[in-house]
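Asks: Next up, final_30.cif (mmCIF, C-alpha atoms; chains and numbers go by the auth columns).
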```
data_entry
loop_
_atom_site.group_PDB
_atom_site.id
_atom_site.type_symbol
_atom_site.label_atom_id
_atom_site.label_comp_id
_atom_site.label_asym_id
_atom_site.label_seq_id
_atom_site.Cartn_x
_atom_site.Cartn_y
_atom_site.Cartn_z
_atom_site.B_iso_or_equiv
_atom_site.auth_seq_id
_atom_site.auth_asym_id
ATOM 1 C CA MET A 1 21.069 -18.892 -10.477 0.00 1 A
ATOM 2 C CA ILE A 2 19.271 -17.897 -7.322 0.00 2 A
ATOM 3 C CA TYR A 3 15.907 -18.681 -8.859 0.00 3 A
ATOM 4 C CA ARG A 4 14.599 -20.853 -11.657 0.00 4 A
ATOM 5 C CA GLY A 5 11.263 -20.711 -13.423 0.00 5 A
ATOM 6 C CA ALA A 6 8.715 -18.697 -11.483 0.00 6 A
ATOM 7 C CA GLY A 7 10.840 -18.656 -8.320 0.00 7 A
ATOM 8 C CA LEU A 8 11.291 -14.897 -8.565 0.00 8 A
ATOM 9 C CA LEU A 9 7.623 -14.580 -7.607 0.00 9 A
ATOM 10 C CA THR A 10 8.718 -15.442 -4.054 0.00 10 A
ATOM 11 C CA LEU A 11 10.005 -11.881 -3.767 0.00 11 A
ATOM 12 C CA LEU A 12 7.651 -10.124 -6.145 0.00 12 A
ATOM 13 C CA THR A 13 4.246 -11.212 -4.819 0.00 13 A
ATOM 14 C CA PRO A 14 4.737 -9.830 -1.275 0.00 14 A
ATOM 15 C CA ILE A 15 6.164 -6.567 -2.644 0.00 15 A
ATOM 16 C CA VAL A 16 3.296 -6.106 -5.104 0.00 16 A
ATOM 17 C CA SER A 17 0.774 -7.020 -2.417 0.00 17 A
ATOM 18 C CA VAL A 18 2.158 -4.396 -0.010 0.00 18 A
ATOM 19 C CA LEU A 19 2.150 -1.759 -2.751 0.00 19 A
ATOM 20 C CA LEU A 20 -1.439 -2.545 -3.772 0.00 20 A
ATOM 21 C CA LEU A 21 -2.630 -2.600 -0.173 0.00 21 A
ATOM 22 C CA THR A 22 -0.939 0.734 0.530 0.00 22 A
ATOM 23 C CA TYR A 23 -2.345 2.292 -2.636 0.00 23 A
ATOM 24 C CA PHE A 24 -5.957 1.161 -2.226 0.00 24 A
ATOM 25 C CA PHE A 25 -6.224 1.236 1.581 0.00 25 A
ATOM 26 C CA HIS A 26 -3.997 4.132 2.620 0.00 26 A
ATOM 27 C CA ASP A 27 -3.883 4.677 6.382 0.00 27 A
ATOM 28 C CA PRO A 28 -4.053 8.432 7.064 0.00 28 A
ATOM 29 C CA SER A 29 -2.394 8.000 10.475 0.00 29 A
ATOM 30 C CA ALA A 30 0.764 6.679 8.776 0.00 30 A
ATOM 31 C CA GLY A 31 1.526 9.990 7.075 0.00 31 A
ATOM 32 C CA GLN A 32 2.336 10.859 3.485 0.00 32 A
ATOM 33 C CA GLY A 33 3.708 7.859 1.577 0.00 33 A
ATOM 34 C CA ASN A 34 4.155 5.670 4.654 0.00 34 A
ATOM 35 C CA THR A 35 2.478 2.525 5.855 0.00 35 A
ATOM 36 C CA THR A 36 1.886 1.043 9.276 0.00 36 A
ATOM 37 C CA LEU A 37 3.556 -2.137 10.493 0.00 37 A
ATOM 38 C CA GLN A 38 0.223 -3.965 10.552 0.00 38 A
ATOM 39 C CA GLN A 39 -0.490 -2.987 6.960 0.00 39 A
ATOM 40 C CA PHE A 40 2.994 -4.056 5.881 0.00 40 A
ATOM 41 C CA LEU A 41 2.737 -7.425 7.642 0.00 41 A
ATOM 42 C CA LEU A 42 -0.716 -8.033 6.213 0.00 42 A
ATOM 43 C CA GLY A 43 0.474 -7.242 2.697 0.00 43 A
ATOM 44 C CA CYS A 44 3.559 -9.446 2.990 0.00 44 A
ATOM 45 C CA GLY A 45 1.530 -12.256 4.527 0.00 45 A
ATOM 46 C CA ILE A 46 -1.153 -12.166 1.840 0.00 46 A
ATOM 47 C CA GLY A 47 1.393 -11.985 -0.973 0.00 47 A
ATOM 48 C CA ALA A 48 3.448 -14.836 0.448 0.00 48 A
ATOM 49 C CA ALA A 49 0.327 -16.953 1.055 0.00 49 A
ATOM 50 C CA VAL A 50 -0.657 -16.481 -2.585 0.00 50 A
ATOM 51 C CA ASN A 51 2.865 -17.519 -3.549 0.00 51 A
ATOM 52 C CA VAL A 52 2.609 -20.694 -1.431 0.00 52 A
ATOM 53 C CA VAL A 53 -0.488 -21.717 -3.384 0.00 53 A
ATOM 54 C CA ILE A 54 1.192 -20.862 -6.707 0.00 54 A
ATOM 55 C CA GLY A 55 4.301 -22.795 -5.678 0.00 55 A
ATOM 56 C CA PHE A 56 2.365 -25.916 -4.751 0.00 56 A
ATOM 57 C CA ALA A 57 0.442 -25.724 -8.033 0.00 57 A
ATOM 58 C CA LEU A 58 3.537 -25.220 -10.193 0.00 58 A
ATOM 59 C CA ASN A 59 5.767 -27.766 -8.455 0.00 59 A
ATOM 60 C CA ARG A 60 3.261 -30.591 -8.151 0.00 60 A
ATOM 61 C CA GLY A 61 3.984 -33.814 -9.873 0.00 61 A
ATOM 62 C CA VAL A 62 6.485 -36.608 -9.486 0.00 62 A
ATOM 63 C CA ARG A 63 10.185 -35.847 -9.857 0.00 63 A
ATOM 64 C CA ALA A 64 12.985 -38.312 -10.398 0.00 64 A
ATOM 65 C CA PRO A 65 15.350 -38.843 -7.470 0.00 65 A
ATOM 66 C CA GLY A 66 17.912 -36.039 -7.401 0.00 66 A
ATOM 67 C CA GLU A 67 15.922 -33.831 -9.788 0.00 67 A
ATOM 68 C CA HIS A 68 15.390 -30.271 -8.557 0.00 68 A
ATOM 69 C CA ALA A 69 12.049 -28.498 -8.504 0.00 69 A
ATOM 70 C CA ARG A 70 11.253 -26.637 -11.709 0.00 70 A
ATOM 71 C CA HIS A 71 10.401 -23.432 -9.854 0.00 71 A
ATOM 72 C CA HIS A 72 12.755 -22.676 -7.005 0.00 72 A
ATOM 73 C CA PHE A 73 14.165 -19.770 -5.011 0.00 73 A
ATOM 74 C CA PHE A 74 17.567 -20.110 -3.349 0.00 74 A
ATOM 75 C CA PHE A 75 17.622 -23.767 -4.407 0.00 75 A
ATOM 76 C CA MET A 76 14.427 -24.625 -2.496 0.00 76 A
ATOM 77 C CA PRO A 77 10.986 -25.121 -4.047 0.00 77 A
ATOM 78 C CA MET A 78 9.419 -21.665 -4.117 0.00 78 A
ATOM 79 C CA GLN A 79 6.556 -22.479 -1.752 0.00 79 A
ATOM 80 C CA TRP A 80 8.819 -23.153 1.256 0.00 80 A
ATOM 81 C CA PRO A 81 10.533 -19.735 1.519 0.00 81 A
ATOM 82 C CA ALA A 82 7.115 -18.139 0.981 0.00 82 A
ATOM 83 C CA LEU A 83 5.663 -20.245 3.790 0.00 83 A
ATOM 84 C CA ALA A 84 8.515 -19.060 6.030 0.00 84 A
ATOM 85 C CA ILE A 85 7.588 -15.451 5.194 0.00 85 A
ATOM 86 C CA VAL A 86 3.965 -16.138 6.200 0.00 86 A
ATOM 87 C CA VAL A 87 5.091 -17.651 9.511 0.00 87 A
ATOM 88 C CA VAL A 88 7.442 -14.738 10.265 0.00 88 A
ATOM 89 C CA CYS A 89 4.727 -12.169 9.476 0.00 89 A
ATOM 90 C CA ALA A 90 2.251 -13.993 11.725 0.00 90 A
ATOM 91 C CA ALA A 91 4.803 -14.240 14.552 0.00 91 A
ATOM 92 C CA VAL A 92 5.724 -10.557 14.377 0.00 92 A
ATOM 93 C CA ALA A 93 2.060 -9.555 14.247 0.00 93 A
ATOM 94 C CA ALA A 94 1.303 -11.731 17.284 0.00 94 A
ATOM 95 C CA LEU A 95 4.236 -10.305 19.242 0.00 95 A
ATOM 96 C CA LYS A 96 3.370 -6.686 18.397 0.00 96 A
ATOM 97 C CA SER A 97 -0.312 -6.933 19.314 0.00 97 A
#
```
Mind turning the file's structure into structure tokens?

Replies:
Amino acid sequence: MIYRGAGLLTLLTPIVSVLLLTYFFHDPSAGQGNTTLQQFLLGCGIGAAVNVVIGFALNRGVRAPGEHARHHFFFMPMQWPALAIVVVCAAVAALKS
């Protein structure tokens, strides 16, 4: 499987965060049903940052050598792909400003 345990949250938390941010803080300059790049990056970054914290909390503890993390996404502990999403969002936001 691509994910195990709560690893699916790696995809779901940024998506839900973008949707909630767009719903509650709609930018009228973006047009009907659209969002700006800054709003999208902020939503993805916040959702992924929340997922990093959740991943560290769920995957803490000692594992035996060779034992995989209980909550993973693409065979990596779920906090690491989420941290990569945060870094990419920050880099794109810095380059676009």

Asks: For the provided coordinates, the residues matched by the PyMOL selection byres ((chain A and resi 6) around 8) should be stated as a tab-separated table (two decimals) with C-alpha atoms, keeping the file's coordinate frame.

Replies:
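So part_7.tsv came out as:
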```tsv
chain	number	residue	atom	x	y	z
A	3	TYR	CA	15.91	-18.68	-8.86
A	4	ARG	CA	14.60	-20.85	-11.66
A	5	GLY	CA	11.26	-20.71	-13.42
A	7	GLY	CA	10.84	-18.66	-8.32
A	8	LEU	CA	11.29	-14.90	-8.56
A	9	LEU	CA	7.62	-14.58	-7.61
A	71	HIS	CA	10.40	-23.43	-9.85
A	72	HIS	CA	12.76	-22.68	-7.00
A	78	MET	CA	9.42	-21.66	-4.12
```

Asks: Go through A:Val52, A:Val18, A:Ala57, A:Leu11 and flag the residue nearest Gln38 in chain A, using only C-alpha atoms for the distances.

Replies: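 Going through A:Val52, A:Val18, A:Ala57, A:Leu11 one by one, the smallest distance to Gln38 in chain A is for A:Val18.
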
Asks: So which residues get picked by the PyMOL selection byres ((chain A and resi 25) around 12) here, written as a list in words?

Replies: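 Matching residues under the PyMOL selection byres ((chain A and resi 25) around 12) are Ser17, Val18, Leu19, Leu20, Leu21, Thr22, Tyr23, Phe24, His26, Asp27, Pro28, Ser29, Ala30, Gly33, Asn34, Thr35, Thr36, Gln39, Phe40, Leu42 and Gly43 of chain A.
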
Asks: Of the candidates A:Thr10, A:Ile2, A:Val88, A:Leu95, which one gets nearest to Ala48 in chain A if we count all atoms listed in the file?

Replies: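 Comparing A:Thr10, A:Ile2, A:Val88, A:Leu95 against Ala48 in chain A, the winner is A:Thr10.
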
Asks: Using all atoms listed in the file, which protein or nucleic acid residues come within 12 Å of Trp80 in chain A? Drop anything in the same chain fewer than 4 positions from it, and give the result as a list of chain:residue names.

Replies: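 Contacts, with the query itself left out: A:Gly7, A:Thr10, A:Ala48, A:Ala49, A:Asn51, A:Val52, A:Val53, A:Ile54, A:Gly55, A:Phe56, A:Asn59, A:Ala69, A:His71, A:His72, A:Phe73, A:Phe74, A:Phe75, A:Met76, A:Ala84, A:Ile85, A:Val86, A:Val87.
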
Asks: Please define a box with edges along x, y and z of the file around all atoms of range 49-66 of chain A given in the file, extend it by 5 Å on each side, and return its centre and edge lengths in Å to one decimal, as AutoDock Vina command-line options.

Replies:
```
--center_x 8.6 --center_y -27.7 --center_z -4.7 --size_x 28.6 --size_y 32.4 --size_z 21.5
```

Asks: In Å, rounded to a single decimal, give me how far CA of Val16 in chain A is from CA of Ala82 in chain A.

Replies: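 Between these atoms lies a distance of 14.0 Å.
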
Asks: Hey, which of A:His68, A:Pro81, A:Arg60, A:Lys96 ends up closest to Pro14 in chain A? Count all atoms listed in the file.

Replies: A:Pro81

Asks: CA of Leu12 in chain A to CA of Pro77 in chain A: how many Å, to one decimal?

Replies: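 Atom-to-atom, CA of Leu12 in chain A to CA of Pro77 in chain A, that is 15.5 Å.
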
Asks: To one decimal place, how far is CA of Gly66 in chain A from CA of Thr13 in chain A in Å?

Replies: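 Pair CA of Gly66 in chain A / CA of Thr13 in chain A returns 28.5 Å.
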